[in-house]
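Enquirer: Supplied structure: final-v5.cif, mmCIF, C-alpha atoms.
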```cif
data_protein
#
loop_
_atom_site.label_atom_id
_atom_site.label_comp_id
_atom_site.auth_asym_id
_atom_site.auth_seq_id
_atom_site.Cartn_x
_atom_site.Cartn_y
_atom_site.Cartn_z
CA MET Y 1 -29.04 17.47 0.06
CA GLU Y 2 -29.30 20.91 1.59
CA LYS Y 3 -30.95 23.37 -0.73
CA ILE Y 4 -29.46 26.63 -2.00
CA SER Y 5 -31.25 29.75 -0.80
CA LYS Y 6 -32.03 32.31 -3.40
CA ASP Y 7 -33.37 35.77 -3.76
CA GLN Y 8 -37.06 34.99 -4.25
CA ARG Y 9 -37.61 36.50 -7.69
CA SER Y 10 -39.61 33.66 -9.21
CA PRO Y 11 -41.21 30.56 -7.68
CA CYS Y 12 -40.42 28.59 -10.87
CA PRO Y 13 -37.84 25.82 -10.43
CA ILE Y 14 -36.59 26.39 -13.98
CA ALA Y 15 -35.96 30.09 -13.28
CA GLY Y 16 -34.41 29.20 -9.91
CA ALA Y 17 -32.03 26.72 -11.51
CA LEU Y 18 -31.14 29.18 -14.28
CA ASP Y 19 -30.26 31.84 -11.70
CA ILE Y 20 -27.39 29.53 -10.70
CA ILE Y 21 -26.44 27.68 -13.90
CA GLY Y 22 -28.17 29.61 -16.70
CA ASP Y 23 -24.98 30.75 -18.37
CA ARG Y 24 -23.12 29.05 -21.21
CA TRP Y 25 -19.62 29.38 -19.69
CA THR Y 26 -20.77 28.18 -16.27
CA LEU Y 27 -22.20 25.02 -17.84
CA LEU Y 28 -19.08 24.43 -19.96
CA VAL Y 29 -16.85 24.59 -16.85
CA ILE Y 30 -19.23 22.20 -15.06
CA ARG Y 31 -18.93 19.89 -18.09
CA ASP Y 32 -15.14 19.87 -17.71
CA LEU Y 33 -15.38 19.27 -13.95
CA LEU Y 34 -17.69 16.29 -14.64
CA TRP Y 35 -14.89 15.00 -16.91
CA ASP Y 36 -12.52 15.17 -13.92
CA LYS Y 37 -10.59 18.21 -15.08
CA GLN Y 38 -9.26 19.97 -11.98
CA ARG Y 39 -6.71 22.59 -12.94
CA PHE Y 40 -7.10 26.13 -14.26
CA ASP Y 41 -4.86 25.38 -17.25
CA ASP Y 42 -6.93 22.32 -18.18
CA PHE Y 43 -10.15 24.37 -18.27
CA LEU Y 44 -8.36 26.94 -20.44
CA LYS Y 45 -7.60 24.22 -23.01
CA ALA Y 46 -11.27 23.52 -23.75
CA PRO Y 47 -12.01 23.95 -27.48
CA GLU Y 48 -14.43 26.80 -26.81
CA GLY Y 49 -11.54 29.11 -25.88
CA ILE Y 50 -12.70 30.52 -22.54
CA ALA Y 51 -10.91 33.75 -21.52
CA THR Y 52 -8.90 33.69 -18.28
CA ASN Y 53 -10.98 36.39 -16.57
CA ILE Y 54 -14.25 34.63 -17.44
CA LEU Y 55 -12.85 31.30 -16.23
CA SER Y 56 -11.71 32.85 -12.91
CA GLN Y 57 -15.10 34.44 -12.41
CA ARG Y 58 -17.04 31.27 -13.21
CA LEU Y 59 -14.87 29.09 -10.92
CA ARG Y 60 -15.43 31.59 -8.08
CA TRP Y 61 -19.17 31.54 -8.83
CA LEU Y 62 -19.26 27.72 -8.68
CA VAL Y 63 -17.45 27.71 -5.31
CA GLU Y 64 -19.68 30.49 -3.89
CA ASN Y 65 -22.78 28.58 -4.94
CA GLY Y 66 -21.67 25.29 -3.42
CA LEU Y 67 -21.22 23.47 -6.73
CA ALA Y 68 -17.41 23.14 -6.63
CA GLU Y 69 -14.69 23.24 -4.00
CA ARG Y 70 -11.19 24.60 -4.16
CA THR Y 71 -8.34 22.74 -2.42
CA PRO Y 72 -4.51 22.90 -2.55
CA ASP Y 73 -3.01 21.04 -5.49
CA PRO Y 74 -1.34 17.89 -4.04
CA GLU Y 75 1.31 18.18 -6.78
CA ASP Y 76 2.13 21.84 -6.11
CA GLY Y 77 1.01 23.45 -2.84
CA ARG Y 78 1.19 26.95 -4.35
CA LYS Y 79 -1.61 26.05 -6.76
CA VAL Y 80 -5.22 24.91 -6.30
CA ILE Y 81 -7.45 22.26 -7.82
CA TYR Y 82 -11.21 22.24 -8.22
CA ASN Y 83 -13.65 19.38 -7.70
CA LEU Y 84 -17.42 19.22 -7.90
CA THR Y 85 -19.30 18.93 -4.62
CA GLU Y 86 -22.19 16.47 -4.33
CA ARG Y 87 -24.50 19.31 -5.39
CA GLY Y 88 -22.32 19.95 -8.42
CA LYS Y 89 -22.25 16.26 -9.33
CA SER Y 90 -26.05 16.23 -9.18
CA LEU Y 91 -25.98 18.30 -12.41
CA ARG Y 92 -24.81 15.28 -14.45
CA PRO Y 93 -28.33 14.33 -15.70
CA LEU Y 94 -28.98 17.95 -16.73
CA LEU Y 95 -25.72 18.07 -18.72
CA LYS Y 96 -26.62 14.73 -20.30
CA SER Y 97 -29.96 16.19 -21.42
CA ILE Y 98 -28.17 19.12 -23.03
CA ALA Y 99 -25.73 16.76 -24.77
CA LYS Y 100 -28.56 14.53 -25.98
CA TRP Y 101 -30.39 17.48 -27.52
CA GLY Y 102 -27.15 18.71 -29.07
CA LEU Y 103 -26.45 15.32 -30.65
CA GLU Y 104 -29.97 15.16 -32.08
CA SER Y 105 -30.29 18.75 -33.23
CA ILE Y 106 -26.90 20.25 -34.06
CA GLU Y 107 -24.73 19.28 -37.02
CA ASP Y 108 -21.14 18.11 -36.73
CA VAL Y 109 -20.96 17.36 -33.03
CA TYR Y 110 -19.59 14.13 -31.59
CA ILE Y 111 -19.81 12.11 -28.41
CA HIS Y 112 -16.76 12.87 -26.34
CA PRO Y 113 -15.12 9.67 -25.04
CA ASP Y 114 -15.45 10.94 -21.44
CA TYR Y 115 -19.12 11.55 -21.91
CA SER Y 116 -20.06 7.87 -21.67
CA LYS Y 117 -19.53 8.00 -17.88
CA MET F 1 -35.50 16.24 -37.98
CA GLU F 2 -33.17 18.41 -40.04
CA LYS F 3 -30.16 19.50 -38.04
CA ILE F 4 -29.11 23.10 -37.40
CA SER F 5 -25.83 24.08 -39.01
CA LYS F 6 -23.45 26.01 -36.85
CA ASP F 7 -20.15 27.77 -37.03
CA GLN F 8 -17.86 24.86 -36.17
CA ARG F 9 -16.22 26.22 -33.02
CA SER F 10 -16.39 23.10 -30.86
CA PRO F 11 -17.22 19.47 -31.70
CA CYS F 12 -18.87 19.06 -28.27
CA PRO F 13 -22.65 18.53 -28.38
CA ILE F 14 -23.02 20.40 -25.07
CA ALA F 15 -21.21 23.44 -26.49
CA GLY F 16 -23.20 23.16 -29.72
CA ALA F 17 -26.50 23.07 -27.86
CA LEU F 18 -25.47 25.98 -25.63
CA ASP F 19 -24.63 28.09 -28.70
CA ILE F 20 -28.37 27.97 -29.44
CA ILE F 21 -30.06 27.73 -26.04
CA GLY F 22 -27.33 28.61 -23.53
CA ASP F 23 -28.97 31.77 -22.31
CA ARG F 24 -31.30 32.18 -19.33
CA TRP F 25 -33.88 34.36 -21.11
CA THR F 26 -33.99 32.13 -24.18
CA LEU F 27 -34.76 29.11 -21.97
CA LEU F 28 -37.42 31.01 -20.00
CA VAL F 29 -39.23 31.99 -23.23
CA ILE F 30 -39.02 28.35 -24.40
CA ARG F 31 -40.52 27.33 -21.03
CA ASP F 32 -43.48 29.66 -21.64
CA LEU F 33 -43.92 28.38 -25.22
CA LEU F 34 -43.98 24.80 -23.84
CA TRP F 35 -46.79 25.99 -21.55
CA ASP F 36 -48.70 27.08 -24.67
CA LYS F 37 -48.21 30.80 -24.22
CA GLN F 38 -48.34 32.40 -27.66
CA ARG F 39 -48.58 36.18 -27.36
CA PHE F 40 -45.97 38.84 -26.66
CA ASP F 41 -47.99 40.22 -23.73
CA ASP F 42 -48.26 36.77 -22.14
CA PHE F 43 -44.48 36.30 -22.21
CA LEU F 44 -44.09 39.76 -20.65
CA LYS F 45 -46.25 38.65 -17.69
CA ALA F 46 -43.78 35.92 -16.61
CA PRO F 47 -42.71 36.45 -12.96
CA GLU F 48 -39.06 36.96 -13.99
CA GLY F 49 -39.90 40.36 -15.50
CA ILE F 50 -38.35 40.10 -18.95
CA ALA F 51 -37.76 43.47 -20.66
CA THR F 52 -39.57 44.13 -23.97
CA ASN F 53 -36.35 44.55 -25.98
CA ILE F 54 -34.88 41.31 -24.60
CA LEU F 55 -38.13 39.48 -25.29
CA SER F 56 -38.27 40.76 -28.89
CA GLN F 57 -34.67 39.73 -29.45
CA ARG F 58 -35.11 36.25 -27.97
CA LEU F 59 -38.31 35.58 -29.97
CA ARG F 60 -36.50 36.60 -33.17
CA TRP F 61 -33.57 34.33 -32.19
CA LEU F 62 -35.92 31.37 -31.65
CA VAL F 63 -37.55 31.91 -35.07
CA GLU F 64 -34.17 32.34 -36.81
CA ASN F 65 -32.90 29.12 -35.24
CA GLY F 66 -35.94 27.07 -36.22
CA LEU F 67 -37.22 26.57 -32.67
CA ALA F 68 -40.38 28.72 -32.96
CA GLU F 69 -42.59 30.02 -35.74
CA ARG F 70 -44.42 33.29 -36.04
CA THR F 71 -47.92 33.37 -37.60
CA PRO F 72 -50.76 35.93 -37.75
CA ASP F 73 -52.92 36.00 -34.63
CA PRO F 74 -56.28 34.42 -35.58
CA GLU F 75 -57.99 36.81 -33.12
CA ASP F 76 -56.34 39.97 -34.48
CA GLY F 77 -54.67 39.88 -37.90
CA ARG F 78 -52.52 42.94 -37.06
CA LYS F 79 -50.75 40.89 -34.36
CA VAL F 80 -48.73 37.68 -34.38
CA ILE F 81 -48.57 34.53 -32.28
CA TYR F 82 -45.64 32.23 -31.63
CA ASN F 83 -45.58 28.44 -31.48
CA LEU F 84 -42.77 25.96 -31.02
CA THR F 85 -41.70 23.97 -34.07
CA GLU F 86 -41.04 20.25 -33.72
CA ARG F 87 -37.38 21.13 -33.03
CA GLY F 88 -38.47 23.54 -30.31
CA LYS F 89 -40.79 20.94 -28.76
CA SER F 90 -37.89 18.50 -28.66
CA LEU F 91 -36.43 20.68 -25.88
CA ARG F 92 -39.10 19.50 -23.40
CA PRO F 93 -36.90 16.79 -21.77
CA LEU F 94 -34.05 19.30 -21.37
CA LEU F 95 -36.38 21.79 -19.65
CA LYS F 96 -37.67 18.99 -17.43
CA SER F 97 -34.08 18.18 -16.38
CA ILE F 98 -33.54 21.82 -15.45
CA ALA F 99 -36.80 21.89 -13.46
CA LYS F 100 -35.94 18.64 -11.68
CA TRP F 101 -32.55 19.99 -10.59
CA GLY F 102 -34.19 23.24 -9.51
CA LEU F 103 -36.77 21.40 -7.39
CA GLU F 104 -34.06 19.31 -5.73
CA SER F 105 -31.49 22.03 -5.22
CA ILE F 106 -33.09 25.46 -4.89
CA GLU F 107 -35.19 26.61 -1.95
CA ASP F 108 -38.71 27.96 -2.26
CA VAL F 109 -39.56 26.84 -5.76
CA TYR F 110 -42.73 25.02 -6.69
CA ILE F 111 -44.06 22.80 -9.44
CA HIS F 112 -46.08 24.96 -11.80
CA PRO F 113 -49.46 23.34 -12.60
CA ASP F 114 -48.64 23.43 -16.35
CA TYR F 115 -45.38 21.64 -15.75
CA SER F 116 -47.04 18.25 -15.25
CA LYS F 117 -47.65 18.00 -19.03
#
```
Show me this structure written as structure tokens.
Expert:
Amino acid sequence: MEKISKDQRSPCPIAGALDIIGDRWTLLVIRDLLWDKQRFDDFLKAPEGIATNILSQRLRWLVENGLAERTPDPEDGRKVIYNLTERGKSLRPLLKSIAKWGLESIEDVYIHPDYSK
Amino acid sequence: MEKISKDQRSPCPIAGALDIIGDRWTLLVIRDLLWDKQRFDDFLKAPEGIATNILSQRLRWLVENGLAERTPDPEDGRKVIYNLTERGKSLRPLLKSIAKWGLESIEDVYIHPDYSK
């Protein structure tokens, strides 16, 4: 997998990763993409209530950083769908780690049926 | 381990976890605490250049959320040191997942010697 170049602020791989995905909304959209959501309206329906301007910005960010790709919607050519690239899919273990910690440490959260994938 | 209560916005464990640790600076301070840094000035020296007001705010957040504790500095009773609680230490696998993705996906990042712990 080709690596993402970055402005060399810190040599730490944690800091480097967080430059790309160190934002709550970015990670929540990646979560939905991992659950095979593809359409703007589907991301909007997430229970966290993402605002349309934040969602637009985060989807653009994911495409610009090679984590997602934007293609015409096969059901309606005037619209687009989003899918994770291989680089985006490689975030699945990281999201699983976040979910595992959430299940162990936060009250009143549940395993989503899609999460067993 | 006692669980953290939260304002019940989303039943998703990923969203619940990100309500607490879904911020780049919070995770970078947790990284330094996992590397046994304890003093305000040591966190300030991190290569990412955290600002003093952001550092103060994030340390207070970690204490309020039961991830770190603040005790008098044994070397200077007028100062304080910070240590991770058991709940804070339980974030180690999550930070390792972030580092692993960073090493695989971001150019010009390196394993920190402390990271092998």
Enquirer: Just the residues within 9 Å of region 91-104 of chain Y, please, counting all atoms listed in the file, with nothing from its chain fewer than 3 positions along; format it as a PyMOL selection string.
Expert: (chain Y and resi 27+30-31+34+87-88+107-111+115) or (chain F and resi 1+3+12-18+90-91+93-98+100-101)
Enquirer: Between CA of Arg70 (chain Y) and CA of Ser105 (chain F), measure the distance and give it in Å to one decimal.
Expert: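 CA of Ser105 (chain F) lies 20.5 Å from CA of Arg70 (chain Y).
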Enquirer: For Trp25 (chain Y), list every protein, DNA or RNA residue within 8 Å, evaluated using all atoms listed in the file, and leave out those in the same chain fewer than 6 positions away; present the list as JSON, numbers by chain.
Expert: {"Y": [50, 54, 55, 58]}
Enquirer: Report, as JSON, the axis-aligned box around all atoms of region 30-41 of chain F present in the file, extended by 6 Å on each side; give centre and edge lengths in Å to one decimal place.
Expert:
```
{"center_x": -43.9, "center_y": 32.5, "center_z": -24.3, "size_x": 21.7, "size_y": 27.4, "size_z": 18.6}
```
Enquirer: For CA of Thr85 (chain Y) and CA of Ala68 (chain Y), quote the distance in Å rounded to one decimal.
Expert: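 We find that CA of Thr85 (chain Y) and CA of Ala68 (chain Y) lie 5.0 Å from each other.
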Enquirer: Pick from F:Asp41, F:Asp73, F:Glu64, F:Glu86: nearest to chain Y, with all atoms listed in the file counted?
Expert: F:Glu86
Enquirer: Go ahead and compute the interatomic distance for CA of Leu33 (chain F) and CA of Ile21 (chain F), in Å to one decimal.
Expert: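 Taking CA of Leu33 (chain F) as the start and CA of Ile21 (chain F) as the end point, the length is 13.9 Å.
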Enquirer: Out of F:Arg60, F:Asn65, F:Ile81, F:Glu75, which residue has the shortest atom-to-atom distance to chain Y when counting all atoms listed in the file?
Expert: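 Between F:Arg60, F:Asn65, F:Ile81, F:Glu75, the residue approaching chain Y most closely is F:Asn65.
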Enquirer: Pick the closest to chain Y from F:Glu69, F:Asp76, F:Asp32, F:Glu48: which is it, counting only C-alpha atoms?
Expert: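 Among the listed residues, F:Glu48 lies closest to chain Y.
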Enquirer: Which residue, F:Leu84, F:Leu44, F:Gln57, F:Leu67, has the smallest gap to chain Y when you use all atoms listed in the file?
Expert: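 For chain Y, the nearest of the given residues is F:Leu67.
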Enquirer: Restricting the calculation to all atoms listed in the file: of Y:Thr52, Y:Ser10, Y:Gln38, Y:Asn83, which residue gets closest to chain F?
Expert: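 For chain F, the nearest of the given residues is Y:Ser10.
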Enquirer: Keeping C-alpha atoms, write chain Y of the structure just shown out as a PDB file, in the first residue's frame.
Expert:
```
ATOM      1  CA  MET Y   1       0.000   0.000   0.000  1.00  0.00           C
ATOM      2  CA  GLU Y   2       1.377   3.358  -1.041  1.00  0.00           C
ATOM      3  CA  LYS Y   3       1.885   5.648   1.902  1.00  0.00           C
ATOM      4  CA  ILE Y   4       0.329   9.076   2.394  1.00  0.00           C
ATOM      5  CA  SER Y   5       2.812  11.953   2.392  1.00  0.00           C
ATOM      6  CA  LYS Y   6       2.441  14.449   5.147  1.00  0.00           C
ATOM      7  CA  ASP Y   7       3.784  17.734   6.277  1.00  0.00           C
ATOM      8  CA  GLN Y   8       6.614  16.532   8.528  1.00  0.00           C
ATOM      9  CA  ARG Y   9       5.520  18.023  11.838  1.00  0.00           C
ATOM     10  CA  SER Y  10       6.152  15.005  14.027  1.00  0.00           C
ATOM     11  CA  PRO Y  11       7.955  11.709  13.378  1.00  0.00           C
ATOM     12  CA  CYS Y  12       5.463   9.898  15.644  1.00  0.00           C
ATOM     13  CA  PRO Y  13       3.163   7.440  13.845  1.00  0.00           C
ATOM     14  CA  ILE Y  14       0.364   8.215  16.311  1.00  0.00           C
ATOM     15  CA  ALA Y  15       0.588  11.945  15.555  1.00  0.00           C
ATOM     16  CA  GLY Y  16       0.859  11.188  11.823  1.00  0.00           C
ATOM     17  CA  ALA Y  17      -2.259   9.027  11.900  1.00  0.00           C
ATOM     18  CA  LEU Y  18      -4.151  11.622  13.950  1.00  0.00           C
ATOM     19  CA  ASP Y  19      -3.311  14.330  11.395  1.00  0.00           C
ATOM     20  CA  ILE Y  20      -5.515  12.347   8.999  1.00  0.00           C
ATOM     21  CA  ILE Y  21      -8.147  10.677  11.191  1.00  0.00           C
ATOM     22  CA  GLY Y  22      -7.862  12.443  14.570  1.00  0.00           C
ATOM     23  CA  ASP Y  23     -11.312  13.970  14.460  1.00  0.00           C
ATOM     24  CA  ARG Y  24     -14.527  12.553  15.899  1.00  0.00           C
ATOM     25  CA  TRP Y  25     -16.719  13.260  12.840  1.00  0.00           C
ATOM     26  CA  THR Y  26     -14.147  11.875  10.414  1.00  0.00           C
ATOM     27  CA  LEU Y  27     -14.058   8.602  12.350  1.00  0.00           C
ATOM     28  CA  LEU Y  28     -17.863   8.411  12.586  1.00  0.00           C
ATOM     29  CA  VAL Y  29     -18.183   8.779   8.791  1.00  0.00           C
ATOM     30  CA  ILE Y  30     -15.502   6.093   8.333  1.00  0.00           C
ATOM     31  CA  ARG Y  31     -17.545   3.884  10.696  1.00  0.00           C
ATOM     32  CA  ASP Y  32     -20.600   4.305   8.460  1.00  0.00           C
ATOM     33  CA  LEU Y  33     -18.567   3.615   5.308  1.00  0.00           C
ATOM     34  CA  LEU Y  34     -17.260   0.405   6.932  1.00  0.00           C
ATOM     35  CA  TRP Y  35     -20.944  -0.520   7.434  1.00  0.00           C
ATOM     36  CA  ASP Y  36     -21.448  -0.121   3.659  1.00  0.00           C
ATOM     37  CA  LYS Y  37     -23.351   3.140   3.834  1.00  0.00           C
ATOM     38  CA  GLN Y  38     -22.736   4.988   0.565  1.00  0.00           C
ATOM     39  CA  ARG Y  39     -25.122   7.913   0.231  1.00  0.00           C
ATOM     40  CA  PHE Y  40     -25.067  11.400   1.723  1.00  0.00           C
ATOM     41  CA  ASP Y  41     -28.576  10.971   3.142  1.00  0.00           C
ATOM     42  CA  ASP Y  42     -27.601   7.703   4.853  1.00  0.00           C
ATOM     43  CA  PHE Y  43     -24.670   9.367   6.636  1.00  0.00           C
ATOM     44  CA  LEU Y  44     -27.014  12.163   7.727  1.00  0.00           C
ATOM     45  CA  LYS Y  45     -29.261   9.596   9.441  1.00  0.00           C
ATOM     46  CA  ALA Y  46     -26.561   8.481  11.899  1.00  0.00           C
ATOM     47  CA  PRO Y  47     -27.765   8.885  15.506  1.00  0.00           C
ATOM     48  CA  GLU Y  48     -25.036  11.427  16.273  1.00  0.00           C
ATOM     49  CA  GLY Y  49     -26.790  14.041  14.114  1.00  0.00           C
ATOM     50  CA  ILE Y  50     -23.963  15.250  11.880  1.00  0.00           C
ATOM     51  CA  ALA Y  51     -24.625  18.647  10.240  1.00  0.00           C
ATOM     52  CA  THR Y  52     -24.725  18.764   6.430  1.00  0.00           C
ATOM     53  CA  ASN Y  53     -21.790  21.179   6.120  1.00  0.00           C
ATOM     54  CA  ILE Y  54     -19.616  19.060   8.436  1.00  0.00           C
ATOM     55  CA  LEU Y  55     -20.569  15.901   6.543  1.00  0.00           C
ATOM     56  CA  SER Y  56     -19.705  17.513   3.167  1.00  0.00           C
ATOM     57  CA  GLN Y  57     -16.375  18.686   4.509  1.00  0.00           C
ATOM     58  CA  ARG Y  58     -15.460  15.327   6.035  1.00  0.00           C
ATOM     59  CA  LEU Y  59     -16.402  13.381   2.877  1.00  0.00           C
ATOM     60  CA  ARG Y  60     -14.220  15.744   0.810  1.00  0.00           C
ATOM     61  CA  TRP Y  61     -11.395  15.274   3.343  1.00  0.00           C
ATOM     62  CA  LEU Y  62     -11.655  11.468   3.083  1.00  0.00           C
ATOM     63  CA  VAL Y  63     -11.514  11.609  -0.733  1.00  0.00           C
ATOM     64  CA  GLU Y  64      -8.588  14.085  -0.720  1.00  0.00           C
ATOM     65  CA  ASN Y  65      -6.660  11.841   1.658  1.00  0.00           C
ATOM     66  CA  GLY Y  66      -7.207   8.680  -0.358  1.00  0.00           C
ATOM     67  CA  LEU Y  67      -9.465   6.988   2.200  1.00  0.00           C
ATOM     68  CA  ALA Y  68     -12.714   7.099   0.183  1.00  0.00           C
ATOM     69  CA  GLU Y  69     -13.701   7.471  -3.453  1.00  0.00           C
ATOM     70  CA  ARG Y  70     -16.634   9.234  -5.010  1.00  0.00           C
ATOM     71  CA  THR Y  71     -18.409   7.686  -8.030  1.00  0.00           C
ATOM     72  CA  PRO Y  72     -21.734   8.297  -9.840  1.00  0.00           C
ATOM     73  CA  ASP Y  73     -24.703   6.671  -8.138  1.00  0.00           C
ATOM     74  CA  PRO Y  74     -25.748   3.716 -10.362  1.00  0.00           C
ATOM     75  CA  GLU Y  75     -29.368   4.357  -9.316  1.00  0.00           C
ATOM     76  CA  ASP Y  76     -29.336   8.078 -10.147  1.00  0.00           C
ATOM     77  CA  GLY Y  77     -26.545   9.490 -12.334  1.00  0.00           C
ATOM     78  CA  ARG Y  78     -27.085  13.017 -10.966  1.00  0.00           C
ATOM     79  CA  LYS Y  79     -25.993  11.832  -7.520  1.00  0.00           C
ATOM     80  CA  VAL Y  80     -22.800  10.273  -6.152  1.00  0.00           C
ATOM     81  CA  ILE Y  81     -21.944   7.407  -3.839  1.00  0.00           C
ATOM     82  CA  TYR Y  82     -18.920   6.956  -1.599  1.00  0.00           C
ATOM     83  CA  ASN Y  83     -16.879   3.823  -0.952  1.00  0.00           C
ATOM     84  CA  LEU Y  84     -13.771   3.226   1.108  1.00  0.00           C
ATOM     85  CA  THR Y  85     -10.539   2.663  -0.791  1.00  0.00           C
ATOM     86  CA  GLU Y  86      -8.190  -0.124   0.299  1.00  0.00           C
ATOM     87  CA  ARG Y  87      -6.431   2.443   2.505  1.00  0.00           C
ATOM     88  CA  GLY Y  88      -9.755   3.386   4.054  1.00  0.00           C
ATOM     89  CA  LYS Y  89     -10.678  -0.256   4.644  1.00  0.00           C
ATOM     90  CA  SER Y  90      -7.355  -0.726   6.418  1.00  0.00           C
ATOM     91  CA  LEU Y  91      -8.810   1.390   9.261  1.00  0.00           C
ATOM     92  CA  ARG Y  92     -11.174  -1.433  10.298  1.00  0.00           C
ATOM     93  CA  PRO Y  93      -8.890  -2.768  13.111  1.00  0.00           C
ATOM     94  CA  LEU Y  94      -8.464   0.765  14.486  1.00  0.00           C
ATOM     95  CA  LEU Y  95     -12.242   1.299  14.567  1.00  0.00           C
ATOM     96  CA  LYS Y  96     -12.627  -2.099  16.238  1.00  0.00           C
ATOM     97  CA  SER Y  97     -10.173  -1.015  18.952  1.00  0.00           C
ATOM     98  CA  ILE Y  98     -12.201   2.127  19.566  1.00  0.00           C
ATOM     99  CA  ALA Y  99     -15.429   0.101  19.744  1.00  0.00           C
ATOM    100  CA  LYS Y 100     -13.854  -2.429  22.112  1.00  0.00           C
ATOM    101  CA  TRP Y 101     -12.740   0.319  24.491  1.00  0.00           C
ATOM    102  CA  GLY Y 102     -16.168   1.945  24.250  1.00  0.00           C
ATOM    103  CA  LEU Y 103     -17.934  -1.316  25.114  1.00  0.00           C
ATOM    104  CA  GLU Y 104     -15.654  -1.856  28.109  1.00  0.00           C
ATOM    105  CA  SER Y 105     -15.571   1.689  29.429  1.00  0.00           C
ATOM    106  CA  ILE Y 106     -18.723   3.591  28.506  1.00  0.00           C
ATOM    107  CA  GLU Y 107     -22.180   2.924  29.928  1.00  0.00           C
ATOM    108  CA  ASP Y 108     -25.238   2.176  27.823  1.00  0.00           C
ATOM    109  CA  VAL Y 109     -23.617   1.398  24.505  1.00  0.00           C
ATOM    110  CA  TYR Y 110     -24.414  -1.675  22.431  1.00  0.00           C
ATOM    111  CA  ILE Y 111     -22.839  -3.766  19.706  1.00  0.00           C
ATOM    112  CA  HIS Y 112     -24.328  -2.686  16.413  1.00  0.00           C
ATOM    113  CA  PRO Y 113     -25.428  -5.699  14.328  1.00  0.00           C
ATOM    114  CA  ASP Y 114     -23.196  -4.540  11.444  1.00  0.00           C
ATOM    115  CA  TYR Y 115     -20.214  -4.350  13.720  1.00  0.00           C
ATOM    116  CA  SER Y 116     -19.697  -8.122  13.825  1.00  0.00           C
ATOM    117  CA  LYS Y 117     -18.221  -7.988  10.293  1.00  0.00           C
TER     118      LYS Y 117
END
```
